[in-house]
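Have a look at entry-v6.txt below; it lists compact mmCIF, C-alpha atoms.
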# COMPACT_ATOMS: atom_id res chain seq x y z
CA MET A 1 47.25 103.37 65.26
CA ALA A 2 48.62 100.58 63.13
CA LYS A 3 46.04 98.17 64.54
CA ASN A 4 43.12 100.39 63.57
CA ASP A 5 44.46 100.90 60.06
CA THR A 6 44.63 97.14 59.38
CA GLU A 7 41.22 96.32 60.90
CA ALA A 8 39.25 98.71 58.74
CA PRO A 9 40.27 97.14 55.39
CA LYS A 10 39.45 93.64 56.69
CA LYS A 11 35.87 94.65 57.55
CA ALA A 12 35.41 96.29 54.18
CA ALA A 13 36.77 93.22 52.42
CA ALA A 14 34.39 90.96 54.32
CA LYS A 15 31.40 92.94 53.12
CA LYS A 16 32.50 92.70 49.49
CA THR A 17 32.93 88.90 49.58
CA ALA A 18 29.42 88.13 50.83
CA ALA A 19 27.85 85.25 48.91
CA PRO A 20 25.11 86.21 46.44
CA GLU A 21 21.53 85.07 47.05
CA PRO A 22 20.85 81.69 45.43
CA THR A 23 18.37 81.80 42.60
CA VAL A 24 15.68 79.15 42.07
CA ILE A 25 15.53 77.88 38.52
CA GLU A 26 12.79 75.42 37.60
CA THR A 27 14.01 73.08 34.93
CA GLU A 28 11.83 71.34 32.39
CA GLU A 29 12.81 68.03 33.95
CA ALA A 30 11.56 69.12 37.38
CA LYS A 31 8.25 70.28 35.88
CA LYS A 32 7.92 67.01 33.96
CA GLU A 33 8.59 64.97 37.10
CA VAL A 34 5.70 66.66 38.93
CA SER A 35 3.30 65.93 36.06
CA ASN A 36 4.39 62.26 35.95
CA VAL A 37 2.23 61.39 38.95
CA HIS A 38 -1.34 60.07 38.91
CA GLN A 39 -3.53 60.41 42.00
CA VAL A 40 -6.54 58.48 43.24
CA LEU A 41 -8.63 60.85 45.36
CA HIS A 42 -11.88 60.47 47.32
CA THR A 43 -14.44 63.09 46.31
CA THR A 44 -17.06 64.79 48.48
CA ASP A 45 -19.88 62.94 46.71
CA GLY A 46 -18.42 59.55 47.67
CA ARG A 47 -16.79 58.66 44.36
CA TRP A 48 -13.11 58.01 43.62
CA ALA A 49 -11.39 60.22 41.05
CA VAL A 50 -8.28 59.55 38.99
CA LYS A 51 -6.32 62.62 37.92
CA ARG A 52 -2.82 63.91 37.32
CA LYS A 53 -1.11 65.72 40.17
CA ASN A 54 -1.51 69.54 40.02
CA SER A 55 -4.32 69.22 37.48
CA GLU A 56 -7.91 70.36 37.96
CA LYS A 57 -9.27 67.96 35.33
CA VAL A 58 -10.38 64.51 36.49
CA ILE A 59 -9.58 61.72 34.04
CA LYS A 60 -12.27 59.33 35.27
CA TYR A 61 -14.64 58.74 38.23
CA PHE A 62 -15.31 55.36 39.89
CA THR A 63 -17.79 54.12 42.50
CA THR A 64 -15.20 52.00 44.35
CA LYS A 65 -11.57 52.54 45.23
CA LYS A 66 -10.70 49.08 43.91
CA GLU A 67 -12.04 49.94 40.43
CA ALA A 68 -10.08 53.20 40.44
CA LEU A 69 -6.87 51.42 41.45
CA GLU A 70 -7.27 48.74 38.77
CA TYR A 71 -7.69 51.46 36.13
CA VAL A 72 -4.91 53.75 37.32
CA THR A 73 -2.33 50.95 37.67
CA LYS A 74 -2.80 50.15 33.97
CA VAL A 75 -2.48 53.83 33.08
CA CYS A 76 0.67 54.20 35.18
CA GLU A 77 2.26 51.16 33.55
CA ASN A 78 1.42 52.41 30.04
CA GLN A 79 2.57 55.99 30.66
CA ASP A 80 5.47 55.14 33.00
CA THR A 81 4.15 57.38 35.77
CA LYS A 82 4.09 57.18 39.56
CA LEU A 83 0.98 56.70 41.71
CA MET A 84 -0.31 58.39 44.86
CA VAL A 85 -3.39 57.03 46.65
CA GLN A 86 -5.49 59.02 49.09
CA LYS A 87 -7.61 57.54 51.87
CA LYS A 88 -11.14 58.70 52.68
CA ASN A 89 -9.78 60.91 55.48
CA GLY A 90 -7.49 62.77 53.05
CA ALA A 91 -4.17 61.25 54.16
CA PHE A 92 -2.04 59.56 51.54
CA GLN A 93 -1.82 55.79 51.77
CA LYS A 94 1.25 53.59 51.47
CA LEU A 95 1.25 52.23 47.92
CA SER A 96 1.88 48.62 48.93
CA ASN A 97 -1.16 48.69 51.24
CA ALA A 98 -3.37 50.33 48.61
CA LEU A 99 -2.55 47.75 45.94
CA ARG A 100 -3.14 44.64 48.07
CA GLY A 101 -6.59 43.88 46.68
CA VAL A 102 -5.91 44.85 43.08
CA LYS A 103 -5.70 42.03 40.53
CA LYS A 104 -2.56 41.88 38.41
CA GLN A 105 -3.32 41.14 34.75
Translate the structure described by the file into structure tokens.
Amino acid sequence: MAKNDTEAPKKAAAKKTAAPEPTVIETEEAKKEVSNVHQVLHTTDGRWAVKRKNSEKVIKYFTTKKEALEYVTKVCENQDTKLMVQKKNGAFQKLSNALRGVKKQ
């Protein structure tokens, strides 16, 4: 009987000490970091669009990817933002490969 008496309190204690569910808190810094990214995207009509990540509004359209990259690199330097470049097939391109043909001024 002594064994059963000591086991019951241990099980009850284990249930009480269960860890609470972690809560997700979005900080202003995390939100700001997401908006500090510019994207160069290929549109369905064949043009290249420059926009901020998670934004519906396009900043500017270009006929060539090179023109779009020249513009967006200046914007990223001025606004201290990051850059993501999309290929025609929708996959994101390595930044070093995307900027090979862009003139530095």
| field | Counting only C-alpha atoms, the residue of A:Met84, A:Cys76, A:Val102, A:Leu95 that sits nearest Gln39 in chain A | value |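 Nearest candidate to Gln39 in chain A out of A:Met84, A:Cys76, A:Val102, A:Leu95: A:Met84.
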| query | By how many Å are CA of Arg52 in chain A and CA of Val37 in chain A apart? | reply |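 Interatomic distance here is 5.9 Å.
You will find CA of Gln86 in chain A at 5.2 Å from CA of Leu41 in chain A.
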| field | Shell around range 53-59 of chain A at 8 Å using all atoms listed in the file, local window under 2 positions removed, as an MDAnalysis selection string | value | chainID A and resid 34:39 49:51 61
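Going from CA of Gly101 in chain A over to CA of Leu69 in chain A, you cover 9.2 Å.
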| query | Could you name the residues that touch Ala68 in chain A at 10 Å or less, counting all atoms listed in the file, but leaving out those on the same chain fewer than 2 positions away, as a PyMOL selection string? | reply | chain A and resi 39-41+47-50+60-66+70-73+85+102
